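Asker: So that we are looking at the same thing, I have put the structure below in structure tokens.
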Amino acid sequence: PAPMGFRGSVRHLHAVFTAGGVRSLYAGIGPTLMGIVPYGGLSFAAFETMKTFYKKANDHDWDEDRMPLGYKLAAGGCAGFVAQTVTYPLHVVRRRMQVHGGGIYAGVWEGLRDIYAKEGAVNGLFKGVGLTWLKGPIAAAIGFTANDVLKLAVPAARRALLDAASKPPEPTPATYLEAKQVNAIESLVAGGLAGAVAKTTIAPADRVKIIYQVDPHRPFTLASAARTARDIVVTEGPLGLWRGNGVMMARVVPYAGVTFLSYPRYEAVAKRACETIFGDKAGEGGGE
């Protein structure tokens with residue numbers, strides 16, 4: 001196998017660019033863009049819906065930041081299970097286009113049809129989904145929960161630094177609501193760190209899953225996946241399960257940061273638009 005670390009990643013990047021040019025670096029972007037909207041929408045909708053259920057059951061002194069950690073983990077897990085299962089076939093097409101080149105399929109729909117016709121749904125479009133059912137809820141639970149926790153921790157650290165300064169800015173936060181508010185940079189940092197923690201946690205399962213996704217001739221079972229993981233450890237050492245995670249962080253950190261930063265802002269815009277079109281009752285669903 002190629003060397004791990006930054007040098008190995010740069011070498012791979014150069015080899016792909018040399019073989020196929022700039023276009024080859026974006027192989028699989030079609031299914032990525034098609035899946036990003038339903039994945040993001042479903043995951044946030046499921047997470048906010050679960051928090052709304054908690055709010056209705058505990059509507060006295062409601063504050064989502066003080067919701068029990070276990071419930072946040074459960075809500076994030078449900079969100080990840082729903083979103084990743086629905087968009088899973090697009091991930092299979094994307095992985096194969098990335099590994100075998102964008103020319104393997106004429107387009108996303110052609111790829112979905114070809115895989116279904118030759119391999120079926122269980123052994124083709126949803127091949128390896130069992131690992132996703134194990135890792136997806138874990139990643140989403142950690143990501144959503146870590147973001148919520150860090151959204152409080154980062155401003156607290158900022159305030160501590162300001163308090164230690166000789167002349168802290170005025171006015172200083174006077175209420176709980178003011179004190180817990182985050183600015184855009186802090187939201188980016190919290191979201192990026194949350195994404196990094198979540199993705200690093202499930203990186204071993206991700207690596208094994210990809211091996212099965214890109215090889216139509218390799219049958220998948222959870223037992224065979226466990227054997228594959230064991231073989232990686234034997235031949236490459238335990239860190240082999242995290243091979244490529246550094247490159248993944250270069251994508252995940254800004255992606256997660258921007259996602260967690262932009263969601264509440266777009267949610268507020270959408271809520272105001274619905275209230276304008278349908279009346280004041282339209283925005284009372286899951287986000288409040």
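Note on naming: chains are A, B, ... as they come in the structure tokens, residues start from 1 per chain, ligands start from 1 in the order shown.
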Residues at most 6 Å from Gly35 (chain A), counting only C-alpha atoms, excluding those fewer than 4 positions away in the same chain, as a count of residues only?
Answerer: 3
Asker: Give one line per residue of region 192-233 of chain A that approaches region 123-135 of chain A to at most 10 Å, naming the two atoms of the closest pair and their distance in Å to one decimal, counting only C-alpha atoms; sort by chain then ascending residue number and deliver it as JSON lines.
Answerer:
```
{"residue": "A:Ala198", "atom": "CA", "partner": "A:Lys135", "partner_atom": "CA", "distance": 9.7}
{"residue": "A:Lys199", "atom": "CA", "partner": "A:Lys135", "partner_atom": "CA", "distance": 9.5}
{"residue": "A:Thr201", "atom": "CA", "partner": "A:Lys135", "partner_atom": "CA", "distance": 8.8}
{"residue": "A:Ile202", "atom": "CA", "partner": "A:Lys135", "partner_atom": "CA", "distance": 5.9}
{"residue": "A:Ala203", "atom": "CA", "partner": "A:Lys135", "partner_atom": "CA", "distance": 8.9}
{"residue": "A:Pro204", "atom": "CA", "partner": "A:Lys135", "partner_atom": "CA", "distance": 9.4}
{"residue": "A:Ala205", "atom": "CA", "partner": "A:Leu131", "partner_atom": "CA", "distance": 6.6}
{"residue": "A:Asp206", "atom": "CA", "partner": "A:Lys135", "partner_atom": "CA", "distance": 7.9}
{"residue": "A:Val208", "atom": "CA", "partner": "A:Leu131", "partner_atom": "CA", "distance": 8.5}
{"residue": "A:Lys209", "atom": "CA", "partner": "A:Gly128", "partner_atom": "CA", "distance": 5.8}
{"residue": "A:Ile210", "atom": "CA", "partner": "A:Gly128", "partner_atom": "CA", "distance": 8.2}
{"residue": "A:Ile211", "atom": "CA", "partner": "A:Gly128", "partner_atom": "CA", "distance": 9.2}
{"residue": "A:Tyr212", "atom": "CA", "partner": "A:Gly128", "partner_atom": "CA", "distance": 6.4}
{"residue": "A:Gln213", "atom": "CA", "partner": "A:Lys127", "partner_atom": "CA", "distance": 6.2}
{"residue": "A:Val214", "atom": "CA", "partner": "A:Lys127", "partner_atom": "CA", "distance": 9.6}
{"residue": "A:Asp215", "atom": "CA", "partner": "A:Gly124", "partner_atom": "CA", "distance": 9.8}
{"residue": "A:Pro216", "atom": "CA", "partner": "A:Gly124", "partner_atom": "CA", "distance": 7.2}
{"residue": "A:His217", "atom": "CA", "partner": "A:Asn123", "partner_atom": "CA", "distance": 9.7}
{"residue": "A:Arg218", "atom": "CA", "partner": "A:Asn123", "partner_atom": "CA", "distance": 9.5}
{"residue": "A:Pro219", "atom": "CA", "partner": "A:Asn123", "partner_atom": "CA", "distance": 7.4}
{"residue": "A:Phe220", "atom": "CA", "partner": "A:Gly128", "partner_atom": "CA", "distance": 6.2}
{"residue": "A:Thr221", "atom": "CA", "partner": "A:Gly128", "partner_atom": "CA", "distance": 7.6}
{"residue": "A:Leu222", "atom": "CA", "partner": "A:Gly130", "partner_atom": "CA", "distance": 7.0}
{"residue": "A:Ala225", "atom": "CA", "partner": "A:Leu131", "partner_atom": "CA", "distance": 8.3}
```
Asker: Output the selection as a CSV table (one decimal), in the first residue's frame - N, CA and C atoms for each residue.
Answerer:
```
chain,number,residue,atom,x,y,z
A,198,ALA,N,-16.2,13.2,15.1
A,198,ALA,CA,-17.1,12.2,14.6
A,198,ALA,C,-16.5,11.3,13.5
A,199,LYS,N,-15.9,11.9,12.5
A,199,LYS,CA,-15.4,11.2,11.4
A,199,LYS,C,-14.1,10.4,11.8
A,201,THR,N,-13.7,9.0,14.7
A,201,THR,CA,-14.2,7.9,15.5
A,201,THR,C,-14.6,6.7,14.6
A,202,ILE,N,-15.2,7.0,13.5
A,202,ILE,CA,-15.8,5.9,12.7
A,202,ILE,C,-14.9,5.6,11.5
A,203,ALA,N,-13.7,6.2,11.4
A,203,ALA,CA,-12.8,6.0,10.2
A,203,ALA,C,-12.5,4.6,9.9
A,204,PRO,N,-12.2,3.7,10.9
A,204,PRO,CA,-12.0,2.3,10.6
A,204,PRO,C,-13.1,1.6,9.9
A,205,ALA,N,-14.4,1.8,10.4
A,205,ALA,CA,-15.5,1.2,9.7
A,205,ALA,C,-15.7,1.8,8.3
A,206,ASP,N,-15.4,3.1,8.1
A,206,ASP,CA,-15.5,3.7,6.8
A,206,ASP,C,-14.5,3.1,5.8
A,208,VAL,N,-13.2,0.1,5.8
A,208,VAL,CA,-13.6,-1.3,5.5
A,208,VAL,C,-14.8,-1.2,4.5
A,209,LYS,N,-15.8,-0.3,4.8
A,209,LYS,CA,-17.0,-0.2,4.0
A,209,LYS,C,-16.6,0.1,2.6
A,210,ILE,N,-15.7,1.1,2.4
A,210,ILE,CA,-15.3,1.5,1.0
A,210,ILE,C,-14.7,0.4,0.2
A,211,ILE,N,-14.0,-0.5,0.9
A,211,ILE,CA,-13.4,-1.7,0.2
A,211,ILE,C,-14.5,-2.5,-0.5
A,212,TYR,N,-15.6,-2.7,0.2
A,212,TYR,CA,-16.7,-3.5,-0.3
A,212,TYR,C,-17.5,-2.7,-1.4
A,213,GLN,N,-17.7,-1.4,-1.1
A,213,GLN,CA,-18.5,-0.6,-2.0
A,213,GLN,C,-17.9,-0.5,-3.4
A,214,VAL,N,-16.6,-0.4,-3.6
A,214,VAL,CA,-16.0,-0.2,-4.9
A,214,VAL,C,-15.7,-1.5,-5.6
A,215,ASP,N,-15.8,-2.7,-4.9
A,215,ASP,CA,-15.6,-4.0,-5.6
A,215,ASP,C,-16.9,-4.8,-5.7
A,216,PRO,N,-17.4,-4.8,-6.9
A,216,PRO,CA,-18.7,-5.5,-7.1
A,216,PRO,C,-18.6,-7.0,-7.0
A,217,HIS,N,-17.4,-7.5,-7.0
A,217,HIS,CA,-17.2,-9.0,-6.9
A,217,HIS,C,-16.9,-9.5,-5.5
A,218,ARG,N,-16.8,-8.6,-4.6
A,218,ARG,CA,-16.5,-9.0,-3.2
A,218,ARG,C,-17.8,-9.0,-2.4
A,219,PRO,N,-18.3,-10.2,-2.0
A,219,PRO,CA,-19.5,-10.3,-1.2
A,219,PRO,C,-19.4,-9.7,0.2
A,220,PHE,N,-20.4,-9.1,0.7
A,220,PHE,CA,-20.4,-8.4,2.0
A,220,PHE,C,-21.2,-9.2,3.0
A,221,THR,N,-20.6,-9.4,4.2
A,221,THR,CA,-21.3,-9.8,5.4
A,221,THR,C,-20.5,-9.1,6.5
A,222,LEU,N,-21.2,-8.9,7.6
A,222,LEU,CA,-20.5,-8.3,8.8
A,222,LEU,C,-19.3,-9.2,9.2
A,225,ALA,N,-16.5,-8.4,6.8
A,225,ALA,CA,-16.0,-7.1,7.1
A,225,ALA,C,-15.1,-7.1,8.3
```
Asker: Return as number ranges by chain the full set of residues in region 124-259 of chain A whose backbone-based DSSP assignment is helix (DSSP H, G or I).
Answerer: A: 124-125, 129-164, 176-179, 184-201, 203-213, 222-236, 238-242, 245-259
Asker: Choose the residue, out of A:Ala194, A:Ile232, A:Ala153, A:Ala27, that has the smallest atom-to-atom separation from Ala106 (chain A); count only C-alpha atoms.
Answerer: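 Of the candidates, the smallest distance to Ala106 (chain A) is held by A:Ala27.
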Asker: Counting only C-alpha atoms, what is within 9 Å of Arg94 (chain A), bar same-chain residues fewer than 5 positions away, as JSON, numbers by chain?
Answerer: {"A": [27, 28, 29, 30, 31, 32, 89, 99, 102, 108]}
